[in-house]
Every structure is written in C-alpha cells, then in structure tokens.
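File shown here: data_16.txt, holding compact mmCIF, C-alpha atoms and all ligand atoms.
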```txt
# COMPACT_ATOMS: atom_id res chain seq x y z
CA MET L 158 -93.38 15.70 -15.90
CA ILE L 159 -93.91 15.44 -19.67
CA ILE L 160 -91.35 13.15 -21.29
CA GLY L 161 -90.71 13.54 -25.04
CA VAL L 162 -89.25 10.74 -27.17
CA PRO L 163 -88.34 11.96 -30.68
CA ARG L 164 -87.48 9.85 -33.70
CA GLU L 165 -83.71 9.63 -34.15
CA ILE L 166 -82.43 11.34 -37.30
CA LYS L 167 -78.74 10.37 -37.32
CA ASP L 168 -77.66 8.39 -40.39
CA GLY L 169 -78.30 4.67 -39.90
CA GLU L 170 -79.76 5.18 -36.42
CA HIS L 171 -82.68 2.81 -35.78
CA ARG L 172 -82.74 2.83 -32.00
CA VAL L 173 -85.28 4.70 -29.91
CA ALA L 174 -84.78 6.04 -26.38
CA LEU L 175 -87.74 4.35 -24.68
CA THR L 176 -89.62 1.04 -25.08
CA PRO L 177 -93.34 0.61 -24.34
CA ALA L 178 -92.32 -0.88 -20.96
CA GLY L 179 -90.58 2.43 -20.22
CA VAL L 180 -93.70 4.37 -21.22
CA ARG L 181 -95.76 2.23 -18.84
CA ALA L 182 -93.31 2.89 -15.98
CA PHE L 183 -93.58 6.68 -16.44
CA ARG L 184 -97.37 6.49 -16.69
CA ASP L 185 -97.62 4.35 -13.56
CA ARG L 186 -95.89 7.16 -11.64
CA GLY L 187 -98.19 9.87 -12.96
CA HIS L 188 -96.00 11.28 -15.77
CA ARG L 189 -97.05 11.80 -19.39
CA VAL L 190 -95.10 10.48 -22.40
CA LEU L 191 -95.14 11.88 -25.92
CA VAL L 192 -93.60 9.73 -28.67
CA GLU L 193 -92.97 11.03 -32.18
CA THR L 194 -94.77 9.00 -34.82
CA GLU L 195 -92.63 6.16 -36.23
CA ALA L 196 -89.97 6.74 -33.56
CA GLY L 197 -89.90 3.02 -32.81
CA SER L 198 -90.27 1.65 -36.32
CA GLY L 199 -86.52 0.97 -36.73
CA SER L 200 -86.69 -1.18 -33.59
CA LYS L 201 -89.91 -2.85 -34.77
CA ILE L 202 -92.01 -1.05 -32.15
CA SER L 203 -95.21 0.41 -33.64
CA ASP L 204 -97.09 3.58 -32.72
CA SER L 205 -99.88 1.30 -31.60
CA ASP L 206 -97.53 -0.53 -29.18
CA TYR L 207 -96.69 2.84 -27.62
CA ARG L 208 -100.34 3.92 -27.51
CA LYS L 209 -101.30 0.72 -25.73
CA ALA L 210 -98.62 1.43 -23.11
CA GLY L 211 -100.15 4.89 -22.51
CA ALA L 212 -98.11 7.24 -24.75
CA ARG L 213 -99.54 9.99 -26.93
CA ILE L 214 -98.22 9.89 -30.50
CA VAL L 215 -97.17 13.29 -31.86
CA SER L 216 -96.72 13.81 -35.59
CA LYS L 217 -94.34 16.82 -35.57
CA ALA L 218 -90.94 16.78 -33.88
CA ASP L 219 -91.13 20.54 -33.19
CA ASP L 220 -94.41 20.10 -31.26
CA LEU L 221 -92.99 17.22 -29.24
CA TRP L 222 -89.83 19.10 -28.22
CA ALA L 223 -91.83 22.24 -27.38
CA ALA L 224 -94.26 20.36 -25.10
CA ALA L 225 -91.70 18.19 -23.28
CA ASP L 226 -90.07 18.97 -19.92
CA MET L 227 -87.50 16.25 -20.54
CA VAL L 228 -86.47 14.88 -23.94
CA MET L 229 -84.99 11.39 -23.95
CA LYS L 230 -82.92 10.54 -27.01
CA VAL L 231 -80.35 8.00 -28.10
CA LYS L 232 -77.80 10.11 -29.99
CA GLU L 233 -76.66 13.70 -29.54
CA PRO L 234 -78.78 16.47 -31.11
CA LEU L 235 -77.81 17.17 -34.72
CA PRO L 236 -77.68 20.71 -36.19
CA ALA L 237 -81.25 20.29 -37.57
CA GLU L 238 -82.38 19.86 -33.95
CA TYR L 239 -80.39 22.67 -32.32
CA HIS L 240 -83.23 25.22 -32.64
CA ARG L 241 -85.39 22.99 -30.41
CA LEU L 242 -83.04 23.24 -27.42
CA ARG L 243 -84.09 25.72 -24.73
CA GLU L 244 -83.25 26.85 -21.23
CA ASP L 245 -86.13 25.17 -19.39
CA LEU L 246 -85.58 21.79 -21.09
CA ILE L 247 -83.84 18.72 -19.68
CA LEU L 248 -82.05 16.65 -22.34
CA PHE L 249 -81.09 13.07 -21.42
CA THR L 250 -79.11 11.27 -24.14
CA TYR L 251 -75.64 10.18 -25.27
CA LEU L 252 -73.69 13.40 -25.84
CA HIS L 253 -69.93 12.62 -26.13
CA LEU L 254 -69.27 16.37 -26.02
CA ALA L 255 -65.49 16.07 -25.90
CA SER L 256 -65.55 15.07 -29.56
CA SER L 257 -67.58 18.10 -30.72
CA ARG L 258 -66.93 21.73 -29.96
CA LYS L 259 -69.83 22.69 -32.25
CA LEU L 260 -72.39 20.67 -30.30
CA THR L 261 -71.00 21.87 -26.98
CA ARG L 262 -71.38 25.47 -28.21
CA ALA L 263 -74.96 24.83 -29.39
CA LEU L 264 -75.93 23.35 -26.01
CA LEU L 265 -74.31 26.24 -24.14
CA ASP L 266 -75.96 28.87 -26.34
CA SER L 267 -79.40 27.31 -25.79
CA GLY L 268 -79.04 27.09 -22.00
CA VAL L 269 -80.45 23.52 -22.00
CA ALA L 270 -79.66 21.25 -19.03
CA ALA L 271 -78.04 18.29 -20.79
CA LEU L 272 -77.11 15.01 -19.12
CA GLY L 273 -74.91 12.59 -21.06
CA TYR L 274 -75.72 8.92 -20.46
CA GLU L 275 -72.03 8.19 -20.91
CA THR L 276 -70.90 10.32 -17.95
CA VAL L 277 -73.38 9.09 -15.35
CA GLN L 278 -70.80 7.48 -13.10
CA THR L 279 -71.09 5.61 -9.81
CA ASP L 280 -68.57 6.10 -6.99
CA ASP L 281 -66.58 3.01 -8.05
CA GLY L 282 -65.96 4.60 -11.46
CA ALA L 283 -68.48 2.42 -13.35
CA LEU L 284 -70.48 3.95 -16.22
CA PRO L 285 -73.83 2.13 -15.95
CA LEU L 286 -75.48 3.82 -18.94
CA LEU L 287 -72.53 3.27 -21.25
CA VAL L 288 -72.18 -0.40 -20.33
CA PRO L 289 -75.03 -1.91 -22.38
CA MET L 290 -74.00 -0.10 -25.58
CA SER L 291 -70.35 -0.92 -24.93
CA GLU L 292 -71.23 -4.60 -24.54
CA ILE L 293 -73.01 -4.51 -27.89
CA ALA L 294 -70.34 -2.43 -29.67
CA GLY L 295 -67.58 -4.68 -28.31
CA LYS L 296 -69.27 -7.82 -29.61
CA LEU L 297 -70.12 -6.19 -32.96
CA SER L 298 -66.59 -4.80 -33.43
CA ILE L 299 -65.37 -8.36 -33.95
CA GLN L 300 -68.39 -9.48 -35.97
CA MET L 301 -67.91 -6.48 -38.28
CA GLY L 302 -64.12 -6.71 -38.26
CA ALA L 303 -64.32 -10.38 -39.27
CA HIS L 304 -66.52 -9.40 -42.23
CA LEU L 305 -64.19 -6.54 -43.22
CA LEU L 306 -61.26 -8.96 -43.27
CA GLU L 307 -62.96 -10.68 -46.22
CA VAL L 308 -61.20 -9.72 -49.42
CA GLN L 309 -64.36 -8.40 -51.11
CA GLN L 310 -64.62 -5.82 -48.31
CA GLY L 311 -61.00 -4.71 -48.81
CA GLY L 312 -59.50 -6.80 -46.00
CA ARG L 313 -56.57 -9.22 -45.92
CA GLY L 314 -58.69 -12.25 -46.74
CA THR L 315 -58.03 -13.91 -43.40
CA LEU L 316 -60.55 -16.15 -41.58
CA LEU L 317 -60.67 -15.17 -37.92
CA GLY L 318 -60.58 -18.72 -36.56
CA GLY L 319 -58.23 -20.21 -39.19
CA VAL L 320 -58.55 -23.91 -40.09
CA PRO L 321 -56.46 -26.96 -39.15
CA GLY L 322 -53.02 -26.39 -40.66
CA VAL L 323 -53.52 -22.61 -41.09
CA PRO L 324 -53.16 -20.35 -38.05
CA PRO L 325 -56.02 -18.11 -36.88
CA ALA L 326 -56.07 -14.35 -37.35
CA GLU L 327 -54.29 -12.07 -34.90
CA VAL L 328 -56.78 -9.78 -33.14
CA VAL L 329 -55.32 -6.92 -31.08
CA ILE L 330 -57.58 -5.01 -28.68
CA LEU L 331 -56.35 -1.75 -27.17
CA GLY L 332 -58.26 -0.82 -24.00
CA CYS L 333 -59.97 -3.78 -22.39
CA GLY L 334 -62.81 -2.33 -20.37
CA VAL L 335 -66.38 -3.21 -21.33
CA VAL L 336 -65.94 -2.82 -25.12
CA GLY L 337 -62.54 -4.51 -25.13
CA GLY L 338 -63.58 -7.32 -22.81
CA ASN L 339 -66.63 -8.15 -24.92
CA ALA L 340 -64.58 -7.93 -28.10
CA ALA L 341 -62.03 -10.32 -26.59
CA LYS L 342 -64.76 -12.76 -25.60
CA VAL L 343 -66.21 -12.91 -29.12
CA ALA L 344 -62.83 -12.96 -30.89
CA ALA L 345 -61.63 -15.78 -28.63
CA GLY L 346 -64.90 -17.64 -29.16
CA MET L 347 -64.40 -17.42 -32.92
CA GLY L 348 -60.99 -19.01 -32.51
CA ALA L 349 -58.75 -15.99 -33.17
CA HIS L 350 -55.46 -15.42 -31.39
CA VAL L 351 -56.15 -12.36 -29.22
CA THR L 352 -53.84 -9.80 -27.60
CA VAL L 353 -55.45 -7.35 -25.16
CA LEU L 354 -53.58 -4.23 -24.01
CA ASP L 355 -54.53 -1.94 -21.14
CA ILE L 356 -52.90 0.14 -18.40
CA ASN L 357 -55.25 -1.15 -15.70
CA HIS L 358 -53.47 -4.07 -14.00
CA ASN L 359 -56.64 -5.30 -12.29
CA ARG L 360 -58.44 -5.48 -15.59
CA LEU L 361 -55.56 -7.35 -17.23
CA LYS L 362 -55.49 -9.74 -14.28
CA TYR L 363 -59.24 -10.34 -14.52
CA LEU L 364 -59.10 -11.09 -18.25
CA ASP L 365 -56.08 -13.31 -17.75
CA ASP L 366 -58.09 -15.30 -15.17
CA VAL L 367 -61.33 -15.69 -17.14
CA MET L 368 -60.19 -15.97 -20.76
CA GLY L 369 -58.87 -19.10 -22.44
CA GLU L 370 -55.36 -19.73 -23.66
CA ASN L 371 -55.87 -17.94 -26.98
CA VAL L 372 -56.04 -14.56 -25.15
CA VAL L 373 -52.82 -12.94 -23.92
CA THR L 374 -52.71 -9.77 -21.82
CA VAL L 375 -50.05 -7.09 -22.33
CA TYR L 376 -49.43 -3.85 -20.40
CA ALA L 377 -50.02 -0.97 -22.86
CA ASN L 378 -47.25 1.50 -23.68
CA PRO L 379 -46.02 2.93 -27.01
CA TYR L 380 -43.54 0.05 -27.43
CA THR L 381 -46.05 -2.78 -26.86
CA ILE L 382 -48.76 -1.05 -28.91
CA GLU L 383 -46.39 -0.63 -31.88
CA ARG L 384 -45.31 -4.25 -31.64
CA ALA L 385 -48.85 -5.64 -31.41
CA ALA L 386 -50.04 -3.43 -34.29
CA SER L 387 -47.25 -4.75 -36.50
CA TYR L 388 -48.70 -8.29 -36.42
CA ALA L 389 -52.45 -7.49 -36.15
CA ASP L 390 -54.91 -8.62 -38.80
CA LEU L 391 -57.71 -6.86 -36.89
CA PHE L 392 -56.97 -4.00 -34.47
CA VAL L 393 -59.80 -2.77 -32.21
CA GLY L 394 -59.47 0.62 -30.45
CA ALA L 395 -61.49 0.71 -27.20
CA VAL L 396 -59.74 3.16 -24.87
CA LEU L 397 -61.71 5.53 -22.67
CA VAL L 398 -60.73 8.38 -20.38
CA PRO L 399 -64.24 9.31 -19.11
CA GLY L 400 -65.51 12.67 -20.37
CA ALA L 401 -62.24 13.47 -22.16
CA ARG L 402 -60.99 13.08 -25.73
CA ALA L 403 -59.41 9.70 -26.28
CA PRO L 404 -55.58 9.75 -26.40
CA LYS L 405 -54.13 8.91 -29.84
CA LEU L 406 -52.24 5.76 -28.95
CA LEU L 407 -51.94 4.03 -32.33
CA THR L 408 -50.01 6.64 -34.28
CA ARG L 409 -50.00 7.32 -38.03
CA LYS L 410 -46.48 5.89 -38.18
CA MET L 411 -47.63 2.66 -36.52
CA VAL L 412 -50.57 2.39 -38.94
CA ARG L 413 -48.17 2.78 -41.88
CA ARG L 414 -46.25 -0.25 -40.59
CA MET L 415 -49.31 -2.50 -40.26
CA ARG L 416 -49.84 -5.52 -42.53
CA PRO L 417 -51.42 -4.87 -45.95
CA GLY L 418 -55.18 -5.40 -45.77
CA ALA L 419 -55.23 -5.18 -41.96
CA VAL L 420 -58.44 -3.75 -40.52
CA VAL L 421 -58.74 -1.17 -37.74
CA VAL L 422 -62.07 -0.69 -35.94
CA ASP L 423 -61.93 2.34 -33.63
CA VAL L 424 -64.90 1.95 -31.30
CA ALA L 425 -63.61 4.93 -29.28
CA VAL L 426 -64.28 7.25 -32.24
CA ASP L 427 -67.26 8.72 -30.35
CA GLN L 428 -64.68 10.27 -27.99
CA GLY L 429 -62.43 11.34 -30.87
CA GLY L 430 -60.79 7.94 -31.41
CA CYS L 431 -57.58 6.36 -30.08
CA ILE L 432 -56.09 5.87 -33.57
CA GLU L 433 -54.40 8.91 -35.11
CA THR L 434 -55.67 8.21 -38.63
CA ILE L 435 -59.32 7.84 -37.59
CA HIS L 436 -62.22 10.07 -38.52
CA PRO L 437 -65.91 9.31 -37.96
CA THR L 438 -67.75 7.41 -40.68
CA SER L 439 -71.39 6.34 -40.98
CA PHE L 440 -73.24 3.16 -41.87
CA SER L 441 -73.80 4.50 -45.41
CA GLU L 442 -70.02 4.67 -45.95
CA PRO L 443 -68.49 2.84 -43.01
CA THR L 444 -64.89 2.37 -44.19
CA TYR L 445 -61.97 4.17 -45.83
CA LEU L 446 -58.36 3.31 -46.58
CA VAL L 447 -55.26 4.91 -45.15
CA GLY L 448 -52.39 3.47 -47.17
CA HIS L 449 -53.16 -0.24 -47.19
CA VAL L 450 -55.07 -0.35 -43.90
CA LEU L 451 -58.88 -0.47 -43.91
CA HIS L 452 -60.47 1.84 -41.30
CA PHE L 453 -63.96 1.45 -39.77
CA ALA L 454 -65.13 4.24 -37.46
CA VAL L 455 -68.90 4.33 -37.05
CA PRO L 456 -69.76 6.21 -33.84
CA ASN L 457 -73.12 4.46 -33.35
CA ILE L 458 -72.28 0.80 -33.89
CA PRO L 459 -75.17 -0.56 -31.74
CA ALA L 460 -77.59 1.05 -34.23
CA ALA L 461 -76.94 -2.03 -36.39
CA VAL L 462 -78.87 -4.17 -33.89
CA PRO L 463 -81.64 -1.80 -32.80
CA ARG L 464 -83.94 -4.44 -31.32
CA THR L 465 -81.29 -5.61 -28.86
CA ALA L 466 -79.90 -2.11 -28.32
CA THR L 467 -83.19 -0.29 -27.71
CA HIS L 468 -84.29 -2.77 -25.05
CA ALA L 469 -80.83 -2.83 -23.43
CA LEU L 470 -80.76 0.98 -23.41
CA THR L 471 -84.16 1.42 -21.75
CA ASN L 472 -83.30 -1.24 -19.16
CA ALA L 473 -80.28 0.86 -18.20
CA THR L 474 -81.61 4.43 -18.47
CA LEU L 475 -85.10 4.03 -17.05
CA PRO L 476 -84.36 4.07 -13.30
CA TRP L 477 -82.31 7.27 -13.69
CA ALA L 478 -84.89 8.97 -15.91
CA LEU L 479 -87.67 8.06 -13.46
CA GLU L 480 -85.64 9.61 -10.64
CA ILE L 481 -85.34 12.89 -12.59
CA ALA L 482 -89.04 12.87 -13.47
CA ASP L 483 -90.16 12.05 -9.91
CA LYS L 484 -87.92 14.52 -8.07
CA GLY L 485 -87.17 17.24 -10.62
CA LEU L 486 -83.61 17.78 -11.87
CA ARG L 487 -82.32 19.92 -8.97
CA GLU L 488 -83.34 17.46 -6.24
CA ALA L 489 -82.38 14.42 -8.31
CA VAL L 490 -78.80 15.56 -8.95
CA SER L 491 -78.35 16.99 -5.44
CA GLY L 492 -79.23 13.64 -3.87
CA ASN L 493 -77.44 11.36 -6.32
CA PRO L 494 -73.75 12.05 -7.08
CA ALA L 495 -73.73 9.45 -9.86
CA LEU L 496 -76.51 11.28 -11.70
CA ALA L 497 -74.88 14.65 -10.95
CA ARG L 498 -71.77 13.43 -12.82
CA GLY L 499 -74.04 12.95 -15.83
CA LEU L 500 -74.78 16.67 -16.05
CA ASN L 501 -72.52 18.08 -18.79
CA VAL L 502 -73.91 21.59 -19.31
CA ALA L 503 -76.72 23.69 -17.82
CA GLY L 504 -77.84 27.30 -18.05
CA GLY L 505 -75.06 28.12 -20.51
CA HIS L 506 -72.28 26.73 -18.27
CA VAL L 507 -70.10 23.63 -18.59
CA VAL L 508 -70.44 21.46 -15.49
CA HIS L 509 -68.53 18.27 -16.33
CA PRO L 510 -64.81 18.64 -15.50
CA GLY L 511 -63.68 16.37 -18.36
CA VAL L 512 -65.64 18.35 -20.94
CA ALA L 513 -64.45 21.66 -19.44
CA ALA L 514 -60.81 20.49 -19.57
CA THR L 515 -61.16 19.43 -23.21
CA PHE L 516 -62.28 22.91 -24.26
CA HIS L 517 -60.05 24.82 -21.78
CA MET L 518 -63.07 26.13 -19.86
CA LYS L 519 -63.68 26.41 -16.14
CA PRO L 520 -66.34 23.99 -14.85
CA SER L 521 -69.19 25.54 -12.86
CA SER L 522 -70.40 23.91 -9.66
CA LEU L 523 -73.98 22.73 -9.39
CA ASP L 524 -75.04 25.15 -6.66
CA GLN L 525 -74.13 28.12 -8.91
CA LEU L 526 -76.66 27.04 -11.53
CA GLN L 527 -80.32 27.56 -12.34
CA LEU L 528 -81.74 24.14 -13.21
CA PRO L 529 -85.12 23.38 -14.73
CA GLU L 530 -87.48 21.80 -12.15
N1 LIG W 601 -68.70 3.52 -31.52
C1 LIG W 601 -69.72 3.10 -30.77
O1 LIG W 601 -70.80 2.79 -31.27
C2 LIG W 601 -69.54 2.93 -29.28
C3 LIG W 601 -70.46 2.22 -28.52
C4 LIG W 601 -70.21 2.05 -27.15
C5 LIG W 601 -69.07 2.60 -26.57
N2 LIG W 601 -68.21 3.30 -27.37
C6 LIG W 601 -66.98 3.90 -26.85
O2 LIG W 601 -65.98 2.91 -26.66
C7 LIG W 601 -65.01 3.45 -25.76
C8 LIG W 601 -64.70 2.43 -24.67
O3 LIG W 601 -65.83 2.29 -23.83
P1 LIG W 601 -65.85 1.26 -22.60
O4 LIG W 601 -67.25 1.23 -22.09
O5 LIG W 601 -65.19 0.01 -22.95
O6 LIG W 601 -64.95 2.05 -21.54
P2 LIG W 601 -64.27 1.41 -20.25
O7 LIG W 601 -64.02 2.53 -19.29
O8 LIG W 601 -65.02 0.22 -19.76
O9 LIG W 601 -62.87 0.88 -20.82
C9 LIG W 601 -61.88 1.73 -21.27
C10 LIG W 601 -60.55 1.08 -21.00
O10 LIG W 601 -59.54 1.93 -21.56
C11 LIG W 601 -58.41 1.76 -20.72
N3 LIG W 601 -57.44 2.82 -20.94
C12 LIG W 601 -57.51 4.12 -20.56
N4 LIG W 601 -56.37 4.76 -20.93
C13 LIG W 601 -55.59 3.84 -21.58
C14 LIG W 601 -54.31 3.88 -22.17
N5 LIG W 601 -53.59 5.00 -22.20
N6 LIG W 601 -53.83 2.75 -22.73
C15 LIG W 601 -54.55 1.60 -22.71
N7 LIG W 601 -55.77 1.50 -22.15
C16 LIG W 601 -56.27 2.60 -21.58
C17 LIG W 601 -59.00 1.77 -19.32
O11 LIG W 601 -58.10 1.24 -18.37
C18 LIG W 601 -60.24 0.91 -19.52
O12 LIG W 601 -59.99 -0.46 -19.22
C19 LIG W 601 -65.63 4.76 -25.25
O13 LIG W 601 -65.13 5.85 -25.99
C20 LIG W 601 -67.09 4.59 -25.53
O14 LIG W 601 -67.80 5.82 -25.60
C21 LIG W 601 -68.43 3.49 -28.70
```
Would it be possible to restate this file's structure as structure tokens?
Amino acid sequence: MIIGVPREIKDGEHRVALTPAGVRAFRDRGHRVLVETEAGSGSKISDSDYRKAGARIVSKADDLWAAADMVMKVKEPLPAEYHRLREDLILFTYLHLASSRKLTRALLDSGVAALGYETVQTDDGALPLLVPMSEIAGKLSIQMGAHLLEVQQGGRGTLLGGVPGVPPAEVVILGCGVVGGNAAKVAAGMGAHVTVLDINHNRLKYLDDVMGENVVTVYANPYTIERAASYADLFVGAVLVPGARAPKLLTRKMVRRMRPGAVVVDVAVDQGGCIETIHPTSFSEPTYLVGHVLHFAVPNIPAAVPRTATHALTNATLPWALEIADKGLREAVSGNPALARGLNVAGGHVVHPGVAATFHMKPSSLDQLQLPE
C-alpha cells in the first residue's frame, strides 16, 4: 500500500501523523510512504530524518494525496483539502464528525472511506487512539488554565496551589475519564482543591482510591454541577459520549452565576463542548469572555506540545494502520471489531451509529458497502 502523510494545515497545528519510526515500520513490511515536505518541521522532524527512514518526500500536497492509497493525518480535513478526497481513498485521522455537519457532508459527497481515530473502540469501551491525546489535553488543560487565571490573561488572579495562610484555587472537573483524570492529577499535584464530577460510579471510586485528600468525587447531575460551578476558579469540561455531540451540562445560566474572572476550559469542544456558552477557538485567539467568565476552547490542545504529541500519536496509531495496510481495509475491519468501530463513513454512507444519530441518518452496515482494498 502507498501511505501518504501530508503537512497539517489547521491553525496552530504542529503535529504530524507519522514519525520516522512509523515510516520504517511500513517499509519493513513492504509498503511505501510519501511524506509532504516540511510535514514534520513543527515536531522538529526534518525531511532528511524521514528520508533516512525510507520515505519519499513529495513537494505538492495534491500529488501526495493523489498517489496515496491511505492518507494518515492528525486533524480532520479542512475545506481547502476537500477536493482531494475520493472514493478509492482510505483516510485515517481524528474526525470528530458529530461536531461538523459540513465535514460529514464533504466526506459523504467524496465517497472516501474515513476512519476516525477517536471512534476506534475495543470491546471494553476503551478508545485506544484517543487516549494519548486525552492524556496530553488533560494535563495541559490545567497548565493552561493556571496561566489563564493570571490577571494579565483576564483571569481571577488566583494561584492554583495557594500559599500558607491563603487557600488554594478551586478546580472543578466535569467528566473524569482520561482527560478529567489527568487534569485531576496535575491540578492536585499543583496543590489546588479539586472536585471531580462524573456519572460513572466505577470511575469515581477509582479516583477516590488513587487521588490524595485534595480531590473530592461527586456524582454529576444538574444540581451538583451548578453548585460546583458556583465556587470554581477553574472549570474543566471533559465529558464524552463516544461518537455523539457532547451534552450541554454547564448551562448559560450556571456560567452567569460563576465567580468573576473564573476560567472555563472546555476540552470536549471537539465534540461540540459540554458548556452551553462554548464555541471553538484557535491558538491564535484562544479565549473570549462571556459576561465575566473567561472561556478557552481550542479543539487541538495537544498541538501545543507537538514533540510529545506526535510521538505519542504514532505509538498509538501505528499497529492499527499497519493492520489496514497489510490486510486491506475490507479484511482489516471484518476481522477486527475495534477497528470496524473506527469507520465513520464509506462510499457515501454513514457507518458509525453515533454519527448517524447526530445527523438523524440511518447507519449502513459494513457488508452493504464497497470499500477500497
Ligand atoms: N480539545 C482537545 O484538544 C482534545 C484532546 C483530547 C481529547 N479531547 C476530547 O475530550 C473529551 C473527553 O475525552 P476522554 O478521552 O477523557 O473521554 P473518556 O471517555 O475517557 O471520558 C469521558 C467521561 O465523561 C463521562 N460522562 C459521560 N456523560 C456524562 C455526564 N452526563 N455527566 C458527567 N460525566 C459524563 C464518562 O463517564 C467518562 O468518564 C472528548 O470529547 C475528547 O474528544 C479534546
């Protein structure tokens, strides 16, 4: 198979979908890899590093997409890339389709077979290709939130860990899966007082067992969310219903009642966000105010640490991408239900039930579809 790795064009995006180690792995199994020139520069990986690992460097994105059987990306295709999608192409990337009808339409119109990293799901419900980016985004949500709490950034002017004689900041984390758990770990480590809310009892029990005394667990419902928001200095949204739009759990009314200068960081914005007042921002203009509450809603937070994120991403995606390349898409998804759950659209049909439900469409089953080999 020919694997294409384009340069990412989303604002502030410095990650790349494959490291030289990934190139070597494809080559060792008889596949060819094309990498767009400078694709790795944001992650401090040079064209020469890729060449040494066996990749061919391609100067034009159009040529790379046209030659590839499978394109591996980091972020979803942007409108400037839509014309490169085609029926006999496999696209393997983060998609987060539930948050964009326009992108879903573009993928359907092109007929491309698109697998979303974030919906590859093992039988126990785990999302192995979302995990590494969620770990990074969770940790960064606190690092960035702490910075935004500084008064020059528009925040309340509260130090997360406090000092002797002055209490620490109140950090509230809604949804304590991978993002929320990592956020809790960092916030607790910085000395904040942390409240984590979730509806999964096992998860609350786990965090209660492993976290220190400055982390309290609370079952999430509208009453407890409103109460926690009312005392939060930093509120992190990290709820996920896989494949679907995030439910709006922190309402506009609750935001209005938050403390002046409080900061909300909605990590779940890539799935539409779990805060009613949220809309996506970018690293060029990451924040905006709603009343007196500072909002941060960058959908590609790990792009801030591309060295860590690029390597973590390839570590996670490579075994799945190799399986597709070795077996072809049809055989790979037929033999691996976890990978099959990653398929969002193919041949102009929506396959993923969560995406279909979001747009009131009927999901097609795999055996009804023509898939690229
Ligand atoms: N912005 C970014 O750069 C970025 C990066 C990585 C992940 N994310 C996003 O962060 C979100 C969370 O990802 P994750 O990996 O932590 O998911 P996860 O599945 O590990 O955790 C989600 C948690 O939300 C909880 N939840 C679901 N419904 C809830 C409700 N009604 N009330 C309270 N909790 C509820 C679940 O029980 C679960 O514990 C996703 O949308 C993911 O795509 C964003």
Distance atom CA of Lys342 of chain L-atom CA of Glu307 of chain L, one decimal place?
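Spanning atom CA of Lys342 of chain L to atom CA of Glu307 of chain L is a straight-line distance of 20.8 Å.
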Using all atoms listed in the file, I'd like a table of the residues in segment 416-457 of chain L that come within 8 Å of segment 255-277 of chain L; for each, show the closest atom pair and its distance in Å rounded to one decimal, ordered by chain and ascending number, as a tab-separated table.
```
residue	atom	partner	partner_atom	distance
L:Asp427	CA	L:Ser256	CA	6.6
L:Gln428	CA	L:Ser256	CA	5.1
L:Gly429	CA	L:Ser256	CA	5.0
```
Could you give me, as number ranges by chain, every polymer residue with an atom at most 7 Å away from an atom of ligand LIG 601 (chain W), counting only C-alpha atoms and all ligand atoms?
L: 275, 287-288, 290-291, 294, 331-337, 354-357, 360, 377-378, 395-399, 403-404, 406, 424-428, 454-459
What gap, in Å, lies between atom CA of Ser200 of chain L and atom CA of Ala237 of chain L?
22.5 Å
Could you tell me how far atom CA of Thr471 of chain L lies from atom CA of Leu286 of chain L, in Å and to one decimal?
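Going from atom CA of Thr471 of chain L over to atom CA of Leu286 of chain L covers 9.4 Å.
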Neighbours of Met368 of chain L within 9 Å (only C-alpha atoms; same-chain residues fewer than 5 positions away dropped), as a short mmCIF file (atom, residue, chain, number, x, y, z; two decimals) with C-alpha atoms, in the frame of the given file?
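Contents of around13.cif, as written:
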```
data_model
loop_
_atom_site.label_atom_id
_atom_site.label_comp_id
_atom_site.auth_asym_id
_atom_site.auth_seq_id
_atom_site.Cartn_x
_atom_site.Cartn_y
_atom_site.Cartn_z
CA ALA L 341 -62.03 -10.32 -26.59
CA LYS L 342 -64.76 -12.76 -25.60
CA ALA L 345 -61.63 -15.78 -28.63
CA TYR L 363 -59.24 -10.34 -14.52
CA VAL L 373 -52.82 -12.94 -23.92
#
```
If we count all atoms listed in the file and set the cut-off at 8 Å, which residues sit around Val412 of chain L, ignoring sequence neighbours fewer than 5 positions away in its own chain? Please answer as a list in words.
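Near neighbours after the sequence-gap exclusion: Ala386, Leu407, Thr434 and Val450 of chain L.
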May I have the residues within 9 Å of Val328 of chain L as a ChimeraX atom specification, using all atoms listed in the file and disregarding those fewer than 3 positions away in the same chain?
/L:299,317,341,344-345,349-353,388-393
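Counting all atoms listed in the file, the residue from L:Leu297, L:Val375, L:Val508, L:Ala283 that sits nearest to Lys362 of chain L is L:Val375.
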Counting only C-alpha atoms, figure out which residue out of L:Thr465, L:Arg184, L:Met347, L:Ile160 gets nearest to Ala224 of chain L.
L:Ile160
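Minimum atom-to-atom distance to His449 of chain L, evaluated using all atoms listed in the file, belongs to L:Gly312 out of L:Gly312, L:Ala385, L:Met518, L:Arg464.
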So that I can see what lies close to Asn472 of chain L, please list as a list in words the residues with an atom at most 9 Å from it, counting only C-alpha atoms and leaving out residues fewer than 5 positions away in the same chain.
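Those residues are Thr176, Gly179, Pro289 and Thr467 of chain L.
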Write out, as a CSV table (one decimal), in the frame of the given file, the residues just selected, with C-alpha atoms.
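Listed below is the output, again.csv:
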```
chain,number,residue,atom,x,y,z
L,176,THR,CA,-89.6,1.0,-25.1
L,179,GLY,CA,-90.6,2.4,-20.2
L,289,PRO,CA,-75.0,-1.9,-22.4
L,467,THR,CA,-83.2,-0.3,-27.7
```
Residue neighbourhood segment 210-220 of chain L, 8 Å, only C-alpha atoms, exclusion window fewer than 3 positions, as a ChimeraX atom specification
/L:163-164,177-178,180-181,184,189-194,204,206-207,223-224,241
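Nearest residue to Gly311 of chain L, choosing from L:Pro417, L:Gly485, L:Pro325, L:Gly161 and counting all atoms listed in the file: L:Pro417.
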Select all residues near (-84.3, 6.0, -31.4) (cut-off 7 Å, inclusive, file coordinates), counting only C-alpha atoms, and output them as a PyMOL selection string.
chain L and resi 164-165+170-174+196-197+230-231
Which of L:Leu254, L:Ile481, L:Val447, L:Ile293 sits closest to Val228 of chain L [using all atoms listed in the file]:
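Selected residue with least distance to Val228 of chain L: L:Ile481.
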